[in-house]
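> One file: query_17.csv (CSV, C-alpha atoms (C1' of nucleotides)).
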chain,number,residue,atom,x,y,z
W,856,MET,CA,27.2,31.1,65.0
W,857,ALA,CA,28.2,34.6,64.2
W,858,GLU,CA,26.1,35.8,67.0
W,859,ALA,CA,27.5,33.2,69.4
W,860,VAL,CA,31.1,34.0,68.7
W,861,GLY,CA,30.8,37.7,67.9
W,862,GLY,CA,31.8,37.1,64.3
W,863,GLU,CA,31.2,38.6,61.0
W,864,ILE,CA,30.0,36.7,57.9
W,865,VAL,CA,31.7,36.8,54.5
W,866,ASN,CA,29.9,35.5,51.4
W,867,ALA,CA,31.4,32.7,49.4
W,868,ASP,CA,28.5,32.3,47.0
W,869,SER,CA,29.2,33.4,43.4
W,870,MET,CA,25.6,34.5,42.8
W,871,GLN,CA,24.7,36.1,46.1
W,872,LEU,CA,27.4,38.6,45.1
W,873,TYR,CA,25.0,40.2,42.7
W,874,ARG,CA,22.4,42.6,44.0
W,875,ASP,CA,19.8,42.1,41.4
W,876,LEU,CA,18.4,38.7,42.5
W,877,ARG,CA,17.9,38.8,46.2
W,878,VAL,CA,15.0,36.4,46.2
W,879,LEU,CA,16.2,34.0,43.5
W,880,THR,CA,19.7,33.7,44.9
W,881,ALA,CA,18.3,33.2,48.5
W,882,ARG,CA,20.4,36.0,49.8
W,883,PRO,CA,20.3,36.7,53.6
W,884,THR,CA,17.3,38.9,54.4
W,885,LEU,CA,17.6,42.4,55.6
W,886,GLY,CA,16.7,41.1,59.0
W,887,ASP,CA,19.6,38.6,58.9
W,888,GLU,CA,21.9,41.3,57.8
W,889,ALA,CA,20.8,43.5,60.7
W,890,ARG,CA,21.8,40.9,63.2
W,891,VAL,CA,25.5,40.6,62.4
W,892,PRO,CA,27.8,42.2,59.9
W,893,HIS,CA,27.6,40.6,56.5
W,894,HIS,CA,30.2,41.1,53.7
W,895,LEU,CA,30.2,40.7,50.0
W,896,TYR,CA,26.5,40.1,49.7
W,897,GLY,CA,24.8,42.0,46.9
W,898,VAL,CA,27.9,44.1,46.3
W,899,ALA,CA,28.0,43.6,42.5
W,900,ASP,CA,25.9,44.9,39.7
W,901,ALA,CA,24.6,42.4,37.2
W,902,THR,CA,26.7,44.1,34.5
W,903,ASP,CA,29.9,43.3,36.4
W,904,ALA,CA,31.4,39.9,35.6
W,905,TRP,CA,33.0,38.8,38.9
W,906,SER,CA,35.3,35.9,38.9
W,907,ALA,CA,36.9,33.6,41.5
W,908,GLY,CA,40.0,35.9,41.4
W,909,ARG,CA,38.0,39.0,41.9
W,910,TRP,CA,36.1,37.4,44.7
W,911,LEU,CA,39.4,36.2,46.3
W,912,THR,CA,40.8,39.7,46.4
W,913,ALA,CA,37.7,41.1,47.9
W,914,ALA,CA,37.4,38.3,50.4
W,915,ARG,CA,41.0,38.8,51.6
W,916,GLU,CA,40.3,42.4,52.1
W,917,ALA,CA,37.2,41.7,54.0
W,918,LEU,CA,38.9,39.1,56.1
W,919,GLU,CA,41.7,41.5,56.9
W,920,ARG,CA,39.4,44.2,58.0
W,921,ILE,CA,37.5,41.8,60.2
W,922,SER,CA,40.6,40.4,61.8
W,923,GLY,CA,41.7,44.0,62.3
W,924,ARG,CA,38.7,44.4,64.5
W,925,GLY,CA,39.7,41.3,66.4
W,926,ALA,CA,36.5,39.5,65.3
W,927,PRO,CA,36.3,36.0,63.9
W,928,ALA,CA,35.2,35.7,60.3
W,929,ILE,CA,32.8,33.1,59.1
W,930,VAL,CA,33.0,32.4,55.4
W,931,ALA,CA,29.7,30.9,54.2
W,932,GLY,CA,28.4,29.9,50.8
W,933,GLY,CA,28.1,27.3,48.2
W,934,THR,CA,30.8,28.0,45.7
W,935,GLY,CA,33.3,25.3,46.1
W,936,LEU,CA,35.9,27.0,43.8
W,937,TYR,CA,35.9,30.1,46.0
W,938,PHE,CA,36.7,28.0,49.1
W,939,HIS,CA,39.3,26.2,47.1
W,940,ALA,CA,40.9,29.5,46.1
W,941,LEU,CA,40.9,30.6,49.8
W,942,THR,CA,42.3,27.4,51.3
W,943,GLU,CA,44.3,25.8,48.5
W,944,GLY,CA,45.0,28.9,46.5
W,945,LEU,CA,44.4,30.4,43.1
W,946,ALA,CA,47.2,30.8,40.6
W,947,ASP,CA,48.5,34.4,40.6
W,948,ILE,CA,47.8,35.0,36.9
W,949,PRO,CA,47.7,38.5,35.5
W,950,PRO,CA,44.3,39.5,34.4
W,951,VAL,CA,43.6,38.6,30.8
W,952,ALA,CA,42.3,41.5,28.7
W,953,ALA,CA,38.8,41.1,27.6
W,954,LEU,CA,40.0,41.5,24.0
W,955,MET,CA,42.3,38.6,24.3
W,956,ALA,CA,39.6,36.5,25.9
W,957,ALA,CA,37.2,37.3,23.1
W,958,ALA,CA,39.9,36.6,20.5
W,959,ALA,CA,40.5,33.2,22.0
W,960,GLU,CA,36.8,32.4,21.8
W,961,ALA,CA,36.6,33.5,18.3
W,962,ALA,CA,39.6,31.4,17.4
W,963,PHE,CA,37.9,28.4,19.0
W,964,ASP,CA,34.7,28.9,17.0
W,965,GLU,CA,36.6,29.4,13.9
W,966,GLN,CA,39.1,26.5,14.1
W,967,GLY,CA,36.9,24.0,15.8
W,968,GLU,CA,37.9,22.0,18.8
W,969,THR,CA,40.4,19.6,17.2
W,970,VAL,CA,42.5,22.2,15.5
W,971,PHE,CA,42.2,24.6,18.5
W,972,ARG,CA,43.4,21.9,20.9
W,973,ARG,CA,46.3,21.1,18.7
W,974,ARG,CA,47.4,24.7,18.7
W,975,LEU,CA,47.0,24.9,22.4
W,976,ALA,CA,49.1,21.8,22.8
W,977,GLU,CA,52.1,23.6,21.3
W,978,GLY,CA,52.0,26.2,24.0
W,979,ASP,CA,50.5,24.3,26.9
W,980,PRO,CA,50.6,20.6,26.3
W,981,ARG,CA,49.5,19.7,29.8
W,982,ALA,CA,46.3,21.7,29.5
W,983,ALA,CA,45.6,20.4,26.1
W,984,ALA,CA,45.9,16.8,27.4
W,985,ARG,CA,44.0,17.4,30.6
W,986,ILE,CA,41.0,19.4,29.5
W,987,MET,CA,38.2,17.1,28.5
W,988,SER,CA,36.7,17.1,25.1
W,989,GLY,CA,33.9,19.6,24.6
W,990,ASP,CA,35.0,21.8,27.4
W,991,ARG,CA,35.2,25.0,25.3
W,992,GLN,CA,35.3,27.2,28.4
W,993,ARG,CA,38.5,25.7,29.8
W,994,LEU,CA,40.2,25.3,26.4
W,995,VAL,CA,39.5,28.9,25.6
W,996,ARG,CA,40.8,30.1,29.0
W,997,ALA,CA,44.0,28.1,28.6
W,998,TRP,CA,44.7,29.6,25.2
W,999,ALA,CA,43.8,33.1,26.4
W,1000,VAL,CA,46.2,32.9,29.3
W,1001,PHE,CA,48.9,31.6,27.1
W,1002,THR,CA,48.5,34.3,24.4
W,1003,ALA,CA,48.1,37.1,26.9
W,1004,THR,CA,51.0,36.2,29.2
W,1005,GLY,CA,53.2,34.2,27.0
W,1006,ARG,CA,53.3,31.5,29.6
W,1007,ALA,CA,51.3,28.3,29.9
W,1008,LEU,CA,48.3,28.3,32.2
W,1009,SER,CA,49.6,25.0,33.5
W,1010,ASP,CA,52.8,26.6,34.6
W,1011,TRP,CA,51.0,29.4,36.3
W,1012,GLN,CA,48.8,27.0,38.1
W,1013,ALA,CA,51.8,24.9,39.2
W,1014,GLU,CA,52.9,27.8,41.4
W,1015,THR,CA,49.7,28.2,43.3
W,1016,ALA,CA,49.9,28.9,47.0
W,1017,PRO,CA,47.1,29.0,49.6
W,1018,ALA,CA,45.6,32.3,50.4
W,1019,LEU,CA,45.1,31.4,54.0
W,1020,PRO,CA,47.6,29.7,56.3
W,1021,ALA,CA,46.5,26.2,57.0
W,1022,ALA,CA,46.4,26.8,60.7
W,1023,GLY,CA,44.3,29.9,60.3
W,1024,TRP,CA,40.9,28.3,59.5
W,1025,ARG,CA,38.6,25.4,60.1
W,1026,GLY,CA,36.2,24.1,57.5
W,1027,VAL,CA,32.9,22.3,58.0
W,1028,VAL,CA,30.7,20.8,55.3
W,1029,LEU,CA,26.9,21.1,55.7
W,1030,ALA,CA,25.6,18.0,53.9
W,1031,PRO,CA,22.0,16.9,54.7
W,1032,PRO,CA,20.8,13.7,53.1
W,1033,ARG,CA,20.3,14.2,49.4
W,1034,ALA,CA,16.6,13.3,49.4
W,1035,GLU,CA,16.0,16.0,52.0
W,1036,LEU,CA,18.1,18.4,50.1
W,1037,TYR,CA,16.1,17.8,46.9
W,1038,ARG,CA,12.8,18.2,48.8
W,1039,ARG,CA,13.9,21.4,50.3
W,1040,CYS,CA,15.2,22.8,47.0
W,1041,ASP,CA,11.9,22.0,45.3
W,1042,ALA,CA,10.0,23.7,48.1
W,1043,ARG,CA,12.4,26.7,48.0
W,1044,LEU,CA,12.0,27.3,44.3
W,1045,ALA,CA,8.2,27.2,44.7
W,1046,SER,CA,8.3,29.7,47.5
W,1047,MET,CA,10.7,31.9,45.6
W,1048,ALA,CA,8.2,32.0,42.7
W,1049,ARG,CA,5.6,33.2,45.2
W,1050,ALA,CA,8.0,35.7,46.8
W,1051,GLY,CA,8.7,37.7,43.7
W,1052,ALA,CA,11.4,35.8,41.9
W,1053,LEU,CA,9.5,36.5,38.7
W,1054,ASP,CA,9.5,40.2,39.2
W,1055,GLU,CA,13.3,40.1,39.8
W,1056,VAL,CA,13.8,38.2,36.6
W,1057,ALA,CA,11.6,40.6,34.7
W,1058,ALA,CA,13.6,43.6,36.0
W,1059,LEU,CA,16.8,41.9,35.1
W,1060,LEU,CA,15.6,41.1,31.6
W,1061,ALA,CA,14.4,44.7,31.2
W,1062,ARG,CA,18.0,45.8,31.5
W,1063,ASP,CA,18.7,43.9,28.3
W,1064,LEU,CA,22.1,42.7,29.5
W,1065,ALA,CA,24.5,40.4,27.7
W,1066,PRO,CA,23.2,36.8,28.3
W,1067,GLY,CA,26.7,35.6,29.0
W,1068,LEU,CA,27.0,37.6,32.2
W,1069,PRO,CA,27.3,35.5,35.3
W,1070,ALA,CA,24.3,37.0,36.9
W,1071,MET,CA,22.2,36.0,33.9
W,1072,LYS,CA,23.2,32.4,34.6
W,1073,ALA,CA,21.7,32.2,38.1
W,1074,LEU,CA,19.6,29.2,38.5
W,1075,GLY,CA,16.0,29.9,37.6
W,1076,VAL,CA,16.7,33.0,35.5
W,1077,ALA,CA,16.3,31.1,32.2
W,1078,ALA,CA,13.3,29.1,33.3
W,1079,PHE,CA,11.4,32.1,34.7
W,1080,ALA,CA,12.4,34.2,31.7
W,1081,ASP,CA,10.7,31.6,29.5
W,1082,GLN,CA,7.6,31.8,31.7
W,1083,LEU,CA,7.6,35.6,31.3
W,1084,THR,CA,7.7,35.4,27.5
W,1085,GLY,CA,5.0,32.7,27.5
W,1086,ARG,CA,7.2,30.0,26.3
W,1087,LEU,CA,6.7,28.0,29.4
W,1088,SER,CA,3.7,27.7,31.7
W,1089,PRO,CA,4.2,28.6,35.3
W,1090,ALA,CA,4.2,24.9,36.2
W,1091,GLU,CA,6.7,24.0,33.5
W,1092,ALA,CA,9.0,26.9,34.5
W,1093,LEU,CA,9.0,26.0,38.1
W,1094,ALA,CA,9.7,22.3,37.3
W,1095,ARG,CA,12.6,23.3,35.1
W,1096,ALA,CA,14.1,25.6,37.7
W,1097,GLN,CA,13.7,22.9,40.3
W,1098,ARG,CA,15.3,20.3,38.1
W,1099,GLU,CA,18.2,22.6,37.3
W,1100,THR,CA,18.7,23.2,40.9
W,1101,ARG,CA,18.8,19.5,41.7
W,1102,HIS,CA,21.4,19.0,39.0
W,1103,TYR,CA,23.4,21.7,40.7
W,1104,VAL,CA,23.0,20.2,44.1
W,1105,LYS,CA,24.3,16.9,42.7
W,1106,ARG,CA,27.4,18.7,41.4
W,1107,GLN,CA,27.9,20.4,44.7
W,1108,LEU,CA,27.7,17.1,46.5
W,1109,THR,CA,30.4,15.6,44.3
W,1110,TRP,CA,32.6,18.6,45.0
W,1111,LEU,CA,32.1,18.3,48.7
W,1112,ARG,CA,32.7,14.6,48.6
W,1113,HIS,CA,36.0,14.8,46.8
W,1114,ARG,CA,37.4,18.3,47.2
W,1115,MET,CA,36.5,18.8,50.8
W,1116,LYS,CA,37.0,15.2,51.8
W,1117,SER,CA,38.8,16.0,55.0
W,1118,TRP,CA,36.4,18.6,56.2
W,1119,PRO,CA,34.1,17.3,59.0
W,1120,ARG,CA,30.5,17.0,58.0
W,1121,VAL,CA,27.4,18.1,59.7
W,1122,GLU,CA,24.5,16.0,58.2
W,1123,ALA,CA,21.5,17.2,60.2
W,1124,CYS,CA,18.8,19.2,58.6
W,1125,ASP,CA,17.4,21.5,61.1
W,1126,PRO,CA,19.5,24.4,62.4
W,1127,ASP,CA,19.3,23.4,66.1
W,1128,THR,CA,20.6,19.9,65.5
W,1129,GLN,CA,23.2,21.2,63.0
W,1130,TRP,CA,24.4,23.6,65.7
W,1131,GLY,CA,24.7,20.8,68.1
W,1132,GLN,CA,26.6,18.7,65.7
W,1133,PHE,CA,28.8,21.6,64.9
W,1134,LEU,CA,29.6,22.3,68.6
W,1135,ALA,CA,30.5,18.6,69.0
W,1136,LEU,CA,33.2,19.0,66.4
W,1137,ALA,CA,34.9,21.7,68.5
C,1254,G,C1',-20.1,-10.2,23.7
C,1255,G,C1',-17.6,-8.6,18.9
C,1256,C,C1',-14.0,-5.7,16.2
C,1257,C,C1',-9.6,-2.7,16.0
C,1258,U,C1',-5.0,-0.8,17.9
C,1259,G,C1',-1.2,-1.3,21.2
C,1260,G,C1',1.9,-3.6,25.0
C,1261,U,C1',10.0,-1.8,24.6
C,1262,G,C1',14.6,0.4,30.5
C,1263,G,C1',11.8,5.2,36.0
C,1264,C,C1',9.2,8.2,31.9
C,1265,G,C1',8.9,9.6,26.6
C,1266,G,C1',9.9,7.3,22.2
C,1267,A,C1',12.5,4.5,17.6
C,1268,G,C1',13.7,0.0,15.7
C,1269,U,C1',15.5,-4.9,14.2
C,1270,G,C1',15.3,-12.6,12.8
C,1271,G,C1',21.3,-12.7,15.3
C,1272,U,C1',26.1,-6.5,17.6
C,1273,U,C1',19.0,-3.6,21.2
C,1274,A,C1',18.4,4.1,18.5
C,1275,C,C1',17.8,8.3,21.1
C,1276,G,C1',15.8,12.1,24.6
C,1277,C,C1',14.5,13.1,29.6
C,1278,A,C1',14.9,11.8,34.7
C,1279,G,C1',18.4,9.4,37.9
C,1280,C,C1',23.4,8.0,39.2
C,1281,G,C1',29.0,8.4,39.1
C,1282,G,C1',32.9,11.7,38.0
C,1283,A,C1',36.1,16.1,36.6
C,1284,C,C1',36.8,20.9,38.2
C,1285,U,C1',42.9,26.7,39.8
C,1286,G,C1',39.6,33.5,37.5
C,1287,C,C1',32.1,32.7,33.7
C,1288,A,C1',32.0,27.8,38.9
C,1289,A,C1',24.1,28.4,40.5
C,1290,A,C1',29.4,27.9,35.2
C,1291,U,C1',31.7,24.3,31.9
C,1292,C,C1',32.5,19.3,30.8
C,1293,C,C1',33.0,13.7,30.9
C,1294,G,C1',30.9,8.9,31.9
C,1295,C,C1',26.9,5.0,33.3
C,1296,G,C1',21.1,1.5,31.4
C,1297,C,C1',21.5,-7.4,29.5
C,1298,A,C1',14.4,-2.8,28.5
C,1299,C,C1',11.6,-5.5,24.7
C,1300,C,C1',3.8,-8.3,29.0
C,1301,C,C1',3.2,-14.1,29.7
C,1302,G,C1',3.1,-19.1,27.5
C,1303,A,C1',3.6,-22.2,23.4
C,1304,G,C1',5.2,-22.7,18.4
C,1305,U,C1',8.3,-21.8,13.8
C,1306,U,C1',13.6,-21.2,13.5
C,1307,C,C1',20.4,-22.8,14.0
C,1308,G,C1',18.6,-18.3,16.6
C,1309,A,C1',13.3,-14.6,18.7
C,1310,U,C1',12.1,-8.3,21.4
C,1311,U,C1',11.2,-8.8,16.2
C,1312,C,C1',7.2,-14.1,12.7
C,1313,U,C1',2.6,-17.5,14.2
C,1314,C,C1',-1.0,-19.0,17.8
C,1315,G,C1',-3.1,-18.6,22.6
C,1316,G,C1',-3.4,-15.8,27.2
C,1317,C,C1',-3.3,-11.4,30.1
C,1318,C,C1',-3.5,-6.1,30.2
C,1319,A,C1',-4.6,-1.0,28.2
C,1320,G,C1',-7.0,2.3,25.0
C,1321,G,C1',-10.7,3.0,21.1
C,1322,C,C1',-15.0,1.5,18.4
C,1323,C,C1',-19.4,-1.5,17.9
C,1324,U,C1',-23.6,-4.5,19.9
As structure tokens, what does this structure read like?


Amino acid sequence: MAEAVGGEIVNADSMQLYRDLRVLTARPTLGDEARVPHHLYGVADATDAWSAGRWLTAAREALERISGRGAPAIVAGGTGLYFHALTEGLADIPPVAALMAAAAEAAFDEQGETVFRRRLAEGDPRAAARIMSGDRQRLVRAWAVFTATGRALSDWQAETAPALPAAGWRGVVLAPPRAELYRRCDARLASMARAGALDEVAALLARDLAPGLPAMKALGVAAFADQLTGRLSPAEALARAQRETRHYVKRQLTWLRHRMKSWPRVEACDPDTQWGQFLALA
RNA sequence: GGCCUGGUGGCGGAGUGGUUACGCAGCGGACUGCAAAUCCGCGCACCCGAGUUCGAUUCUCGGCCAGGCCU
């Protein structure tokens, strides 16, 4: 599509942002990148913890530069939240200092969920009511924002505005049948294992990074790491990586189904047919 | 041919005379700065037949099937 319209591609995949795992995150190949301009692929180091907000800022800059050249931009990827940030907006919340975030986590662990939630309810009753039980990540975030900004996360979020004007973009969902998707994911993981995914994971592990970093959470890292340390046989590691990927696909389908409900869907599997269906939408 | 053990939801695996653990897979859902993350929810399954019983997945008998052992 980029070639057909003279466009440039912008990454909207939270993991393809990182340069360390080219194979395991299925990043565009060097050959692909040579064909048309690609942006935001492999631009981050695994030690950097990118976020939806940081991505949004970078994406807007990229989109601006591209439009400055008069070229159409094609945002591609699998991170639903990133698309949501672009099209529906992301609350303009000041960055929360790492120290505050860490303090919030510590408070949660110390107080336990019940007490922590009760405290949160005093500052941000809506968040406390809305966030489901067990969801430490969101509970902590809400508290961190409240303590860091003195304002409820829910209030910040209520002011969200889209990053892109509604008339400025069109969205299309690529949604092949699930069974086919699962089959392909299984095959893809197997070929990744053959194509050096293990070496990538070994190199990443050798850097001895904090396990909480986003890049460390890429699908397959944990499974192949267990294979490297002998805790899992190659077959077991592959099966686990495949299973985790299927779980992810399922979550993605749910997001697509509900959050991108109005986007037209292309359900073919092979690129040629997909392209045909895509053109039919225009 | 004989003896033994066992047959529980897609799989693994508890258990009980009456309200049938749990894990995994699968499915549904949520999602505003870790999102390939985080979290919530969903399963009339007890091999077949007869009997005992107010009531059998659970007890008895028979059958079928599986595994093991023996001849």

> Should the cut-off be 12 Å, what would the residue list for chain C against chain W look like, counting only C-alpha atoms (C1' of nucleotides), as a list in words?

C1277, A1278, G1279, C1280, G1281, G1282, A1283, C1284, U1285, G1286, C1287, A1288, A1289, A1290, U1291, C1292, C1293 and G1294 of chain C

> Need the shell around U1324 in chain C: protein/DNA/RNA residues with any atom at most 12 Å away, counting all atoms listed in the file. Skip same-chain ones fewer than 2 positions apart. Format as a list of chain:residue names?

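Contacts, in chain order: C:G1254, C:G1255, C:C1256, C:C1322.
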
> Can you spit out the residues from that selection as a short mmCIF file (atom, residue, chain, number, x, y, z; two decimals), in the frame of the given file, using C-alpha atoms (C1' of nucleotides)?


data_model
loop_
_atom_site.label_atom_id
_atom_site.label_comp_id
_atom_site.auth_asym_id
_atom_site.auth_seq_id
_atom_site.Cartn_x
_atom_site.Cartn_y
_atom_site.Cartn_z
"C1'" G C 1254 -20.10 -10.20 23.70
"C1'" G C 1255 -17.60 -8.60 18.90
"C1'" C C 1256 -14.00 -5.70 16.20
"C1'" C C 1322 -15.00 1.50 18.40
#

> For CA of Leu879 in chain W and CA of Ala1096 in chain W, quote the distance in Å rounded to one decimal.

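Computing the Euclidean distance for CA of Leu879 in chain W and CA of Ala1096 in chain W yields 10.4 Å.
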
> Pick out the residues sitting within 7 Å of Ala1007 in chain W, and hand them over as a list in words; count all atoms listed in the file, and ignore anything fewer than 5 positions along from it in its own chain.

Gly978, Asp979, Val1000 and Phe1001 of chain W

> Can you measure CA of Leu918 in chain W to CA of Leu876 in chain W for me? One decimal in Å is fine.

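If I compute the distance from CA of Leu918 in chain W to CA of Leu876 in chain W, I get 24.6 Å.
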
> Pick out the residues sitting within 12 Å of U1305 in chain C, and hand them over as a ChimeraX atom specification; count all atoms listed in the file, and ignore anything fewer than 4 positions along from it in its own chain.

/C:1270,1309,1312-1314

> List the neighbours of G1265 in chain C out to 12 Å using all atoms listed in the file; skip same-chain residues closer than 2 positions along the sequence, and give me the result as a VMD selection string.

chain C and resid 1261 to 1263 1267 1275 to 1278

> Which of these residues is nearest to Arg972 in chain W, using all atoms listed in the file: W:Val995, W:Ala867, W:Ala1057, W:Leu954?

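Closest residue, counting all atoms listed in the file: W:Val995.
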
> Could you pull the residues within 10 Å of Ala953 in chain W, counting all atoms listed in the file, minus those fewer than 5 positions along the same chain, as a ChimeraX atom specification?

/W:958-959,999

> What does the distance from CA of Ala931 in chain W to CA of Pro1119 in chain W come to in Å, to one decimal?

15.1 Å

> Take the point (-1.8, -5.0, 26.1) in the file's coordinates, draw a sphere of radius 7 Å around it, and report as number ranges by chain every protein, DNA or RNA residue with an atom inside or on it, counting all atoms listed in the file.

C: 1259-1260, 1318-1319
